[in-house]
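Asker: Here it is: the structure, laid out below.
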Amino acid sequence: MLSALEGYQALDLTDDKGFLCGRILGDLGADVIKVEPPGGEPSRRIGPFYNDIHDPGESLYWLAYNANKRGITLNIESEDGQQIFKKLVKKAHFVIESFPPGYMDSLGLGYSSLSQINPAIILTSITPFGQTGPYSHYKVSDIVEMGMCGLMYLCGDPDRPPVRISFPQAYLHSGAEAAVQTMVAHYYRETTGQGQWVDVSIQQSAFMATFNAPWFWELNRVVLKRAGAWRTGLTSGVLQRQIWPCKDGYINLPVYGGALGARTNRRLAEWMDREGMSDDFLRKIDWDTLDMGSVTQEIWSHIEQVMVKFFLAHTKEELYNEALRLNIMVYPVSTPRDIAENKQLEAREYWLQVEHPELNESITYPGVAVKASLTPMRVRRGAPLIGEHNPEVYQELGLSQDDLAILRQMRVI
Amino acid sequence: MPDVFAGVKVVDFTWAGVGPITTKYLADYGATIIRIESRNRPCILRTTPPYKDGLPGVDRAAYFAIYSSNKYSMSVDMNHPKGVELARRLIAWADVVAESFTTGTMEKWGLGYEEVKKIKPDIIMYRTNMQGQTGPVCRLPGTGVNLVGLSGFAHLCGWPDRVPSQPYGPYTDSVAPRFGAAMLIAALDYRRRTGKGQLLDMSQFEAGINFLAPLMLDYFVNHGMASRMGNFCPYAAPHGAYRCRGQDRWCTICVSGDEEWQSFCHAIGNPEWTKDKKFSTLSGRKEHELELNHLVEGWTINHTAEEVMTLMQGNGVAAGVVQTSQDLFQDPQLEHRHHFWTLNHGEIGAFPHLGQAAVLSKTPAQPRMPSPCLGEHNEYVCKEILGMSEAEFDQLLIEGVFD
């Protein structure tokens, strides 16, 4: 099978701020070499862990986002290490890094140096706020970025502090964003022969998740607030549920009015009626003209009350199955188990088995994000162990066994 | 500045979030993008608030405009036979056809991949929808707001003792376009080298799960069932959003190591309680986290969120204002990065469009055109791009093809 980036090589020096960038280039077929400091990248200690054992070799976070990469160790703070890195850059196509602004430059490995060695090289730098600007040297973590990007203020219950999504997201936005921007630079390089420096901001990457919210301020001088399980950002001010409790969990049903929601609302009302759980009030509603922008709180509260009772009498599986039959927009709020057992994913052969000889088993991974008919994204290998590919990568570079032994002794690799 | 995608031509049937956000990358880096829109069923982003002055109108909606700089808009009635004919002519011109309808819609117009390939054998067709082009559920309608439930993000947002708090908006619409755009650009480059097009099928559900991948490994390996936990983080304390002075003002603080804890204590002036031994190690701080959070908030409440951030950062502690929409438009860092592109929109006037999250040193993304009004470029596209005569264009106009 063909791969879009077959024959291209990337050197990946990132920590968790940028793992996903190299992973996506790897899925597209690039030979991605993870370059870690001797002893391993500290981000190997991010959970969850294999068998819940906190061992740096067995972070599931590491495994998930470093699949499709080979791994070497190299101390780029040593002079020998820098010389070797420059040799690697000579034949590479991409360098991805997430050090603080100025760090690579301080080692003599900034863009100006790398581009002298290889004018076609693309250097992708992922930093909290970009290379320059008043916040460029700020320290961050996931929660700090989720606050600064504007999403967090919009999430959570109104009577409690704003919340982040419980699984860290900001660095996944920046990693994935960096992959796209790197591909833009790649396209330019392939048409002109010129590499360049791609400067990615995590804050700006995660900002994408705020959608239209900031513009309520810009156009209407309204600051949107978090509304928990309810929808915010509607003109009417009526509280409308998006998350509804059911018998064994929750379902998702943002009630749209007008043409977008008419079919779902009407069929749902008929379904409730068939089960004897509707009432005269609902039977009289014209679902084609119900407009959630202008509906009154009184009307909406009545509708909501009927729906709440109906959903509580059913499991999420019952509700989703019937929703599929009726072709309406009632979706489950999935737990990890629900996702693992989802029939659509199974039918599309989504899940992948990745061999882990070091653990003596194969592990199920989420599949690639896009199916392509000619140059599919693929997972060819699991994440590397610390320095796993030192022998083969350094041999490809022309270093002998003796050279490697000396470098190891000097703690360069 | 050179345009990376100069000469790349896209006929863009996408609507709502994922498709337009994907093609925004191509547009901002120089491709020619023609949005095919419908007056009868306008893009739902054109009919979603906020509107200029709060007055609804397809050309007054920010949600549509923010993703649509550098794109042309054409209104085509695809239920009119000549509308489909017009679409076929545009496909013959294009390198990429993008669409994001419910599966079967393009087929209904005779524009499924096989048909499109007959019009343009080397076409790249980028298709994205909720759950993919195949499988038992491929035709189920929905939006990204539904996918936030299906793909696990709703379950993972909020407090353990409460109903989940759905993250704002169609969260997966911010996730899926990155995967789609990376693949699409790769396919464009492959086509440039080999002359071969292909079909891309992006399920927004499948792409979304990639942002929770370690939790799925945890489920398969450990039977782990991750769930929402407020702002709790196993590796840090203090960790959370702390109430500051003012109306609903908050600052996040994240203290992970013991060294950072010392910096934090120094930043707040080493009050007596910070010397309590039980707080001196991370495990101690985790064990007494509720009490700790209470004490931290006792300090933050007397300062503005901006003061807390500046003071913490000055001492090397990770912290940041929980920014509101208003804050974002006054954020000096976003301004420094030209995060917003203010362009003169035909109906809204001076309007900050969304820029790009990265700066490319040789080919920075360029704001060239404001977001179009619906059908603004009907005449331009027909005459300048398709080379239609005045008479032919007028005929289509009279026949209602652009309605």
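Identifiers in the structure tokens: chain A, B, ... in order shown; residue index from 1 per chain; ligand index from 1 in order shown.
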Can you pull out every residue within 6 Å of Val401 (chain B), counting only C-alpha atoms, but drop anything in the same chain fewer than 3 positions away, and send it as a PyMOL selection string?
Answerer: chain B and resi 76-77+83+396-397
Asker: Please list as a ChimeraX atom specification every residue within 12 Å of Val84 (chain B), counting only C-alpha atoms and excluding residues in the same chain fewer than 3 positions away.
Answerer: /B:36,75-81,87-91,106-111,116,396,401-402
Asker: Could you write those residues out with C-alpha atoms, as a PDB file, in the first residue's frame?
Answerer:
ATOM      1  CA  ILE B  36     -21.505  26.333  -3.074  1.00  0.00           C
ATOM      2  CA  SER B  75     -25.670  30.336  -4.346  1.00  0.00           C
ATOM      3  CA  VAL B  76     -26.857  27.392  -6.393  1.00  0.00           C
ATOM      4  CA  ASP B  77     -30.221  25.653  -6.297  1.00  0.00           C
ATOM      5  CA  MET B  78     -29.059  22.054  -6.479  1.00  0.00           C
ATOM      6  CA  ASN B  79     -32.624  20.863  -6.972  1.00  0.00           C
ATOM      7  CA  HIS B  80     -32.682  22.733 -10.283  1.00  0.00           C
ATOM      8  CA  PRO B  81     -31.296  20.593 -13.137  1.00  0.00           C
ATOM      9  CA  ALA B  87     -21.905  22.219 -10.210  1.00  0.00           C
ATOM     10  CA  ARG B  88     -20.585  19.710 -12.756  1.00  0.00           C
ATOM     11  CA  ARG B  89     -18.824  22.483 -14.659  1.00  0.00           C
ATOM     12  CA  LEU B  90     -17.206  23.668 -11.446  1.00  0.00           C
ATOM     13  CA  ILE B  91     -16.107  20.137 -10.608  1.00  0.00           C
ATOM     14  CA  MET B 106     -24.306  14.142  -3.110  1.00  0.00           C
ATOM     15  CA  GLU B 107     -25.482  10.831  -4.633  1.00  0.00           C
ATOM     16  CA  LYS B 108     -29.002  12.244  -4.865  1.00  0.00           C
ATOM     17  CA  TRP B 109     -27.606  14.954  -7.151  1.00  0.00           C
ATOM     18  CA  GLY B 110     -25.595  12.402  -9.134  1.00  0.00           C
ATOM     19  CA  LEU B 111     -22.374  13.665  -7.575  1.00  0.00           C
ATOM     20  CA  VAL B 116     -17.436  13.021  -9.824  1.00  0.00           C
ATOM     21  CA  LEU B 396     -29.415  31.134 -15.468  1.00  0.00           C
ATOM     22  CA  VAL B 401     -30.559  28.672 -10.728  1.00  0.00           C
ATOM     23  CA  PHE B 402     -29.022  31.000  -8.130  1.00  0.00           C
TER      24      PHE B 402
END
Asker: Determine, counting only C-alpha atoms, which protein, DNA and RNA residues have an atom within 8 Å of an atom of Asn315 (chain B); residues of the same chain fewer than 2 positions away are not included. Present the result as a list in words.
Answerer: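 Using only C-alpha atoms, the neighbours found are Ser263, Phe264, His266, Ala267, Leu311, Met312, Gln313 and Val317 of chain B.
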Asker: Any idea what's packed within 9 Å of region 400-411 of chain A, counting only C-alpha atoms, ignoring anything in its chain fewer than 2 positions away? Could you give it as a list of chain:residue names?
Answerer: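 In the requested form, the answer reads A:Pro38, A:Leu74, A:Asn75, A:Asp80, A:Gly81, A:Asn390, A:Pro391, A:Tyr394, A:Gln395, A:Gly398, A:Ile413.
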Asker: Can you list, as number ranges by chain, every protein, DNA or RNA residue that comes within 7 Å of Val200 (chain A) when you count only C-alpha atoms, leaving out same-chain residues fewer than 4 positions away?
Answerer: A: 125-127, 130, 178; B: 357-359
Asker: Please return, as a list in words, all residues of region 178-395 of chain A that DSSP assigns to strand (DSSP E) on the basis of the backbone.
Answerer: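 Answer for region 178-395 of chain A restricted to strand (DSSP E) is Trp197, Val198, Asp199, Val200, Ser201, Ile243, Trp244, Pro245, Cys246, Gly249, Tyr250, Ile251, Asn252, Tyr331, Pro332, Leu352, Gln353, Val354, Glu355, His356, Glu361, Ser362, Ile363, Thr364, Tyr365, Lys371 and Ala372 of chain A.
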Asker: Would you export the selected residues with C-alpha atoms as a CSV table (one decimal), in the first residue's frame, please?
Answerer:
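For reference, out-v2.csv as written:
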chain,number,residue,atom,x,y,z
A,197,TRP,CA,10.0,27.9,10.2
A,198,VAL,CA,6.5,27.0,11.5
A,199,ASP,CA,5.8,28.8,14.7
A,200,VAL,CA,2.7,27.3,16.4
A,201,SER,CA,0.9,28.7,19.5
A,243,ILE,CA,-27.8,16.5,28.5
A,244,TRP,CA,-30.6,14.5,29.9
A,245,PRO,CA,-30.5,11.8,32.5
A,246,CYS,CA,-31.8,8.4,31.4
A,249,GLY,CA,-26.6,7.2,32.3
A,250,TYR,CA,-27.2,10.3,30.1
A,251,ILE,CA,-28.2,11.1,26.6
A,252,ASN,CA,-27.5,14.1,24.4
A,331,TYR,CA,-27.4,10.4,20.9
A,332,PRO,CA,-25.9,8.6,24.0
A,352,LEU,CA,-6.5,-1.5,15.4
A,353,GLN,CA,-4.4,-4.1,17.0
A,354,VAL,CA,-0.8,-2.9,17.6
A,355,GLU,CA,1.8,-5.5,18.6
A,356,HIS,CA,3.8,-4.8,21.7
A,361,GLU,CA,0.7,-8.7,23.9
A,362,SER,CA,-1.2,-6.7,21.3
A,363,ILE,CA,-3.2,-3.7,22.4
A,364,THR,CA,-6.3,-2.2,20.9
A,365,TYR,CA,-5.8,1.4,19.6
A,371,LYS,CA,-9.8,6.8,5.5
A,372,ALA,CA,-8.1,7.5,2.2
Asker: Excluding region 312-320 of chain A and any residue of its chain fewer than 3 positions from it, enumerate the residues within 12 Å of it, using only C-alpha atoms, and give them as number ranges by chain.
Answerer: A: 243-253, 268, 271-272, 275-277, 305-309, 323-335, 338, 341-343; B: 137, 140, 146, 149-150
Asker: With distances taken over only C-alpha atoms, which residue among A:Val368, A:Leu172, A:Leu219, A:Ile202 lies nearest Pro352 (chain B)?
Answerer: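 Of all the options, A:Leu219 lies closest to Pro352 (chain B).
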Asker: How far is it from CA of Leu282 (chain B) to CA of His239 (chain B), in Å with one decimal?
Answerer: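 The value is 11.2 Å.
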Asker: Calculated over only C-alpha atoms, which of the candidates A:Asn51, A:Ser98, A:Thr289, A:Ser106 has the smallest distance to chain B?
Answerer: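 The closest residue to chain B is A:Asn51.
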Asker: When you count only C-alpha atoms, which of these residues is closest to chain B: A:His173, A:His302, A:Arg274, A:Arg381?
Answerer: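 Of the candidates, the smallest distance to chain B is held by A:His173.
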Asker: Pick out the closest residue to Ala187 (chain B) from this set: B:Ile301, B:Leu147, B:His223, B:Met125. Count only C-alpha atoms.
Answerer: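 Answer, going by the shortest atom-to-atom distance: B:Met125.
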Asker: Run DSSP on the backbone and give me the residues of region 252-351 of chain A it puts in alpha helix (DSSP H), as JSON, numbers by chain.
Answerer: {"A": [258, 259, 260, 261, 262, 263, 264, 265, 266, 267, 268, 269, 270, 271, 272, 273, 274, 280, 281, 282, 283, 297, 298, 299, 300, 301, 302, 303, 304, 305, 306, 307, 308, 309, 310, 311, 312, 316, 317, 318, 319, 320, 321, 322, 323, 324, 325, 326, 336, 337, 338, 339, 340, 343, 344, 345, 346, 347]}
Asker: Please produce a file of those selected residues containing C-alpha atoms, as a PDB file, in the first residue's frame.
Answerer:
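The result, stored in out-v2.pdb:
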ATOM      1  CA  GLY A 258     -37.337  25.173  12.892  1.00  0.00           C
ATOM      2  CA  ALA A 259     -36.386  23.018   9.930  1.00  0.00           C
ATOM      3  CA  LEU A 260     -33.253  21.589  11.545  1.00  0.00           C
ATOM      4  CA  GLY A 261     -35.088  20.100  14.502  1.00  0.00           C
ATOM      5  CA  ALA A 262     -38.620  19.574  13.202  1.00  0.00           C
ATOM      6  CA  ARG A 263     -38.254  15.929  12.223  1.00  0.00           C
ATOM      7  CA  THR A 264     -36.505  14.917  15.432  1.00  0.00           C
ATOM      8  CA  ASN A 265     -38.973  16.817  17.617  1.00  0.00           C
ATOM      9  CA  ARG A 266     -42.065  15.510  15.843  1.00  0.00           C
ATOM     10  CA  ARG A 267     -40.937  11.884  15.741  1.00  0.00           C
ATOM     11  CA  LEU A 268     -39.814  12.030  19.343  1.00  0.00           C
ATOM     12  CA  ALA A 269     -43.219  13.409  20.367  1.00  0.00           C
ATOM     13  CA  GLU A 270     -44.973  10.635  18.422  1.00  0.00           C
ATOM     14  CA  TRP A 271     -42.734   8.042  20.023  1.00  0.00           C
ATOM     15  CA  MET A 272     -43.522   9.343  23.512  1.00  0.00           C
ATOM     16  CA  ASP A 273     -47.200   9.286  22.580  1.00  0.00           C
ATOM     17  CA  ARG A 274     -47.004   5.671  21.374  1.00  0.00           C
ATOM     18  CA  ASP A 280     -52.530  16.932  25.156  1.00  0.00           C
ATOM     19  CA  PHE A 281     -50.262  19.920  25.500  1.00  0.00           C
ATOM     20  CA  LEU A 282     -47.540  18.264  23.428  1.00  0.00           C
ATOM     21  CA  ARG A 283     -50.012  16.883  20.888  1.00  0.00           C
ATOM     22  CA  GLN A 297     -39.898  29.417  29.328  1.00  0.00           C
ATOM     23  CA  GLU A 298     -43.398  28.217  30.249  1.00  0.00           C
ATOM     24  CA  ILE A 299     -43.922  26.229  27.052  1.00  0.00           C
ATOM     25  CA  TRP A 300     -40.418  24.887  27.105  1.00  0.00           C
ATOM     26  CA  SER A 301     -40.596  23.820  30.750  1.00  0.00           C
ATOM     27  CA  HIS A 302     -43.696  21.794  30.019  1.00  0.00           C
ATOM     28  CA  ILE A 303     -42.101  20.027  27.067  1.00  0.00           C
ATOM     29  CA  GLU A 304     -38.959  19.382  29.066  1.00  0.00           C
ATOM     30  CA  GLN A 305     -40.863  17.855  31.968  1.00  0.00           C
ATOM     31  CA  VAL A 306     -42.500  15.273  29.669  1.00  0.00           C
ATOM     32  CA  MET A 307     -39.202  14.429  28.028  1.00  0.00           C
ATOM     33  CA  VAL A 308     -37.362  14.022  31.323  1.00  0.00           C
ATOM     34  CA  LYS A 309     -39.856  11.394  32.496  1.00  0.00           C
ATOM     35  CA  PHE A 310     -39.720   9.570  29.197  1.00  0.00           C
ATOM     36  CA  PHE A 311     -35.926   9.344  29.072  1.00  0.00           C
ATOM     37  CA  LEU A 312     -35.683   8.223  32.692  1.00  0.00           C
ATOM     38  CA  LYS A 316     -29.344   4.894  26.621  1.00  0.00           C
ATOM     39  CA  GLU A 317     -29.042   1.833  24.399  1.00  0.00           C
ATOM     40  CA  GLU A 318     -32.831   1.591  24.004  1.00  0.00           C
ATOM     41  CA  LEU A 319     -33.016   5.274  23.224  1.00  0.00           C
ATOM     42  CA  TYR A 320     -30.162   5.264  20.701  1.00  0.00           C
ATOM     43  CA  ASN A 321     -31.425   2.139  18.952  1.00  0.00           C
ATOM     44  CA  GLU A 322     -34.869   3.615  18.489  1.00  0.00           C
ATOM     45  CA  ALA A 323     -33.354   6.959  17.475  1.00  0.00           C
ATOM     46  CA  LEU A 324     -31.447   5.135  14.729  1.00  0.00           C
ATOM     47  CA  ARG A 325     -34.653   3.487  13.546  1.00  0.00           C
ATOM     48  CA  LEU A 326     -36.492   6.819  13.529  1.00  0.00           C
ATOM     49  CA  PRO A 336     -15.213   4.617  27.332  1.00  0.00           C
ATOM     50  CA  ARG A 337     -17.051   1.269  27.384  1.00  0.00           C
ATOM     51  CA  ASP A 338     -19.842   2.584  25.175  1.00  0.00           C
ATOM     52  CA  ILE A 339     -17.263   3.793  22.652  1.00  0.00           C
ATOM     53  CA  ALA A 340     -15.430   0.455  22.776  1.00  0.00           C
ATOM     54  CA  LYS A 343     -21.392  -1.015  16.493  1.00  0.00           C
ATOM     55  CA  GLN A 344     -20.695   1.612  13.857  1.00  0.00           C
ATOM     56  CA  LEU A 345     -16.999   1.674  14.773  1.00  0.00           C
ATOM     57  CA  GLU A 346     -16.952  -2.111  14.583  1.00  0.00           C
ATOM     58  CA  ALA A 347     -18.656  -2.119  11.188  1.00  0.00           C
TER      59      ALA A 347
END
Asker: What is the distance, in Å and to one decimal place, between CA of Gly195 (chain B) and CA of Met74 (chain B)?
Answerer: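 CA of Met74 (chain B) lies 28.2 Å from CA of Gly195 (chain B).
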